[in-house]
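This is run09.cif (mmCIF, C-alpha atoms).
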data_query
loop_
_atom_site.label_atom_id
_atom_site.label_comp_id
_atom_site.auth_asym_id
_atom_site.auth_seq_id
_atom_site.Cartn_x
_atom_site.Cartn_y
_atom_site.Cartn_z
CA MET A 14 -81.70 -5.58 13.62
CA LEU A 15 -81.51 -3.42 10.50
CA GLU A 16 -83.76 -0.79 12.03
CA ASN A 17 -81.14 -0.29 14.77
CA CYS A 18 -78.36 0.42 12.25
CA GLN A 19 -77.53 3.96 11.30
CA ARG A 20 -77.63 4.95 7.64
CA HIS A 21 -73.88 5.41 7.26
CA HIS A 22 -73.21 2.01 8.86
CA MET A 23 -75.55 0.35 6.38
CA LEU A 24 -73.91 2.15 3.45
CA LEU A 25 -70.47 1.17 4.75
CA GLY A 26 -71.55 -2.48 5.03
CA LEU A 27 -73.06 -2.41 1.55
CA GLY A 28 -69.87 -0.91 0.15
CA ALA A 29 -67.76 -3.57 1.87
CA LEU A 30 -69.97 -6.34 0.48
CA THR A 31 -69.70 -4.83 -3.00
CA ILE A 32 -65.90 -4.70 -2.81
CA VAL A 33 -65.70 -8.29 -1.55
CA THR A 34 -68.01 -9.42 -4.37
CA ILE A 35 -65.88 -7.71 -7.01
CA LEU A 36 -62.69 -9.22 -5.57
CA VAL A 37 -64.24 -12.70 -5.55
CA LEU A 38 -65.33 -12.28 -9.19
CA ILE A 39 -61.83 -11.19 -10.24
CA VAL A 40 -60.14 -14.08 -8.43
CA GLU A 41 -62.70 -16.57 -9.75
CA SER A 42 -62.31 -15.39 -13.34
CA ARG A 43 -58.52 -15.76 -13.17
CA TYR A 44 -58.72 -19.27 -11.74
CA ALA A 45 -61.44 -20.30 -14.18
CA ALA A 46 -59.30 -19.20 -17.15
CA ASP A 47 -56.32 -21.26 -15.94
CA GLY A 48 -58.32 -24.16 -14.56
CA PRO A 49 -59.16 -27.61 -15.92
CA ARG A 50 -61.56 -26.15 -18.47
CA ARG A 51 -58.66 -25.40 -20.87
CA ASN A 52 -57.14 -28.86 -20.55
CA ARG A 53 -60.42 -30.61 -21.14
CA GLU A 54 -60.64 -32.28 -24.51
CA GLN A 55 -63.56 -31.23 -26.63
CA GLN A 56 -65.99 -33.92 -27.68
CA PHE A 57 -67.25 -31.98 -30.70
CA ILE A 58 -67.15 -32.75 -34.38
CA ILE A 59 -64.13 -31.31 -36.15
CA GLU A 60 -64.23 -30.20 -39.76
CA ASN A 61 -62.68 -32.80 -42.11
CA ASN A 62 -62.02 -34.99 -39.04
CA SER A 63 -58.61 -33.31 -38.65
CA THR A 64 -57.10 -33.46 -35.21
CA CYS A 65 -53.71 -31.97 -35.95
CA TRP A 66 -54.25 -29.40 -33.20
CA ARG A 67 -54.29 -32.19 -30.60
CA HIS A 68 -50.78 -33.49 -31.34
CA GLU A 69 -49.07 -30.53 -33.05
CA LYS A 70 -48.35 -26.99 -32.09
CA TYR A 71 -50.82 -24.56 -33.59
CA THR A 72 -51.53 -20.88 -33.87
CA VAL A 73 -54.95 -19.33 -33.61
CA VAL A 74 -55.85 -17.64 -36.90
CA GLN A 75 -59.30 -16.48 -35.72
CA GLU A 76 -60.35 -16.37 -32.09
CA CYS A 77 -63.49 -18.14 -30.92
CA HIS A 78 -66.45 -16.36 -32.52
CA PRO A 79 -70.12 -17.15 -33.21
CA CYS A 80 -71.02 -19.17 -36.30
CA SER A 81 -73.20 -17.47 -38.87
CA ASP A 82 -76.92 -18.28 -38.91
CA PHE A 83 -76.44 -19.93 -42.30
CA ASP A 84 -73.75 -22.29 -40.93
CA ILE A 85 -75.97 -23.28 -38.02
CA VAL A 86 -79.15 -23.83 -40.03
CA SER A 87 -77.55 -25.50 -43.04
CA ARG A 88 -75.17 -27.58 -40.91
CA SER A 89 -72.49 -26.87 -43.52
CA LEU A 90 -69.86 -26.76 -40.78
CA GLY A 91 -70.00 -29.69 -38.39
CA VAL A 92 -68.27 -27.66 -35.72
CA CYS A 93 -71.17 -25.21 -35.52
CA ILE A 94 -73.78 -27.82 -34.62
CA HIS A 95 -73.02 -28.24 -30.91
CA THR A 96 -71.80 -24.93 -29.51
CA HIS A 97 -72.60 -22.47 -32.33
CA TYR A 98 -69.04 -21.12 -31.94
CA LYS A 99 -65.96 -21.84 -34.03
CA GLU A 100 -62.25 -21.14 -33.97
CA LEU A 101 -59.82 -21.21 -36.90
CA LEU A 102 -56.44 -22.83 -36.21
CA ARG A 103 -53.29 -23.30 -38.28
CA CYS A 104 -51.30 -26.37 -37.32
CA GLN A 105 -47.51 -26.52 -37.56
CA SER A 106 -47.85 -28.71 -40.66
CA GLY A 107 -49.66 -25.84 -42.39
CA GLU A 108 -53.11 -27.40 -42.24
CA ILE A 109 -55.95 -25.00 -41.38
CA VAL A 110 -58.61 -26.48 -39.15
CA THR A 111 -61.94 -25.17 -37.89
CA LYS A 112 -62.57 -26.30 -34.34
CA SER A 113 -65.63 -25.98 -32.13
CA CYS A 114 -65.04 -23.92 -29.01
CA ASP A 115 -66.80 -22.75 -25.88
CA ARG A 116 -68.71 -19.51 -25.71
CA VAL A 117 -66.82 -16.35 -26.25
CA ALA A 118 -65.69 -14.88 -22.94
CA LEU A 119 -66.56 -11.37 -24.09
CA ILE A 120 -70.19 -12.36 -24.76
CA GLU A 121 -70.43 -14.06 -21.38
CA GLN A 122 -68.94 -11.02 -19.71
CA ARG A 123 -71.38 -8.71 -21.50
CA ASN A 124 -74.32 -10.89 -20.45
CA PHE A 125 -73.07 -10.89 -16.86
CA VAL A 126 -72.76 -7.10 -16.84
CA LYS A 127 -76.31 -6.82 -18.23
CA PHE A 128 -77.55 -9.14 -15.48
CA GLU A 129 -75.75 -7.14 -12.79
CA ALA A 130 -77.13 -3.87 -14.18
CA LEU A 131 -80.64 -5.34 -14.15
CA CYS A 132 -80.15 -6.45 -10.53
CA LEU A 133 -78.95 -2.96 -9.64
CA VAL A 134 -82.00 -1.35 -11.26
CA VAL A 135 -84.38 -3.76 -9.54
CA GLY A 136 -82.61 -3.16 -6.22
CA VAL A 137 -82.79 0.62 -6.57
CA LEU A 138 -86.47 0.43 -7.51
CA ALA A 139 -87.20 -1.83 -4.55
CA TYR A 140 -85.37 0.60 -2.28
CA LEU A 141 -87.32 3.56 -3.64
CA VAL A 142 -90.64 1.78 -3.23
CA SER A 143 -89.83 0.73 0.33
CA TYR A 144 -88.57 4.24 1.14
CA ALA A 145 -91.77 5.79 -0.22
CA ARG A 146 -93.87 3.28 1.71
CA ASP A 147 -91.94 4.04 4.89
CA ARG A 148 -92.55 7.77 4.38
CA VAL A 149 -96.28 7.21 3.85
CA LEU A 150 -96.55 5.04 6.97
CA SER A 151 -94.52 7.50 9.03
CA ARG A 152 -96.74 10.36 7.85
CA ARG A 153 -99.89 8.38 8.75
CA ASN A 154 -98.46 7.59 12.16
CA TYR A 155 -97.56 11.25 12.71
CA MET A 156 -101.05 12.36 11.68
CA ARG A 157 -102.66 9.80 14.02
CA ILE A 158 -100.55 10.95 16.94
CA GLU A 159 -101.35 14.60 16.13
CA ARG A 160 -105.10 13.84 16.08
CA GLN A 161 -104.86 12.05 19.41
CA LEU A 162 -103.03 14.97 20.93
CA ASN A 163 -105.60 17.42 19.55
CA ARG A 164 -108.45 15.43 21.14
CA VAL A 165 -106.79 15.49 24.53
CA GLN A 166 -106.51 19.28 24.63
#

Spell out the structure here as structure tokens.
Amino acid sequence: MLENCQRHHMLLGLGALTIVTILVLIVESRYAADGPRRNREQQFIIENNSTCWRHEKYTVVQECHPCSDFDIVSRSLGVCIHTHYKELLRCQSGEIVTKSCDRVALIEQRNFVKFEALCLVVGVLAYLVSYARDRVLSRRNYMRIERQLNRVQ
């Protein structure tokens, strides 16, 4: 079926699929940020066993960021053991708490972009190889037909 499609139709279809994919990713990322993941209670160890952030209002002093290698290896912070990420919160009572958190969205986004770039490179290389192979086979076929025609004359 693909061999019957014209080049511009294939490029148009590929462009449409790319746009749909990007739209789906945008919609999914917005719903994932607002979804049940935020309401889910963490089952991780909290420094000094303080849970003031669960029943008080709090402000985020430091966003979710990776723990240092020293904290992970030495296990000096209990919050760094499970996820290797921590977040610094200040409760309304003034208490400062370090809480374990999920992976940083920026790191996940960067890894996703790297993966997509790798897929693009592999796709382009596969296209170039198949295009070159098609040219070689077409040339062989042309040469075979030319030889047959030369024999007939």

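Closest approach to His97 in chain A among A:Phe128, A:Val135, A:Val110, A:Pro79: A:Pro79, based on only C-alpha atoms.
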
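What separates CA of Ile85 in chain A from CA of Ile120 in chain A is a distance of 18.1 Å.
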
Study note, to complete from the structure: Atom pair CA of Cys93 in chain A + CA of Arg67 in chain A, distance 18.9 Å

List the residues selected by the PyMOL selection byres ((chain A and resi 65) around 10) in the file shown, writing them as an mmCIF file with C-alpha atoms, in the frame of the given file.
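And here is the file that came out, selection.cif:
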data_model
loop_
_atom_site.group_PDB
_atom_site.id
_atom_site.type_symbol
_atom_site.label_atom_id
_atom_site.label_comp_id
_atom_site.auth_asym_id
_atom_site.auth_seq_id
_atom_site.Cartn_x
_atom_site.Cartn_y
_atom_site.Cartn_z
ATOM 1 C CA ASN A 62 -62.020 -34.990 -39.040
ATOM 2 C CA SER A 63 -58.610 -33.310 -38.650
ATOM 3 C CA THR A 64 -57.100 -33.460 -35.210
ATOM 4 C CA TRP A 66 -54.250 -29.400 -33.200
ATOM 5 C CA ARG A 67 -54.290 -32.190 -30.600
ATOM 6 C CA HIS A 68 -50.780 -33.490 -31.340
ATOM 7 C CA GLU A 69 -49.070 -30.530 -33.050
ATOM 8 C CA LYS A 70 -48.350 -26.990 -32.090
ATOM 9 C CA TYR A 71 -50.820 -24.560 -33.590
ATOM 10 C CA LEU A 102 -56.440 -22.830 -36.210
ATOM 11 C CA ARG A 103 -53.290 -23.300 -38.280
ATOM 12 C CA CYS A 104 -51.300 -26.370 -37.320
ATOM 13 C CA GLN A 105 -47.510 -26.520 -37.560
ATOM 14 C CA SER A 106 -47.850 -28.710 -40.660
ATOM 15 C CA GLY A 107 -49.660 -25.840 -42.390
ATOM 16 C CA GLU A 108 -53.110 -27.400 -42.240
ATOM 17 C CA ILE A 109 -55.950 -25.000 -41.380
ATOM 18 C CA VAL A 110 -58.610 -26.480 -39.150
#

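Going from CA of Glu100 in chain A over to CA of Val74 in chain A, you cover 7.9 Å.
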
Taking every listed atom of range 149-160 of chain A and adding 4 Å to each side, what centre and edge lengths in Å (one decimal) does the axis-aligned box have, as lines of an AutoDock Vina configuration file?
center_x = -99.8
center_y = 9.8
center_z = 10.4
size_x = 18.6
size_y = 17.6
size_z = 21.1

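Here the question is which of A:Arg146, A:Tyr98, A:Ile39, A:Glu121 gets nearest to Ser81 in chain A using only C-alpha atoms, and that residue is A:Tyr98.
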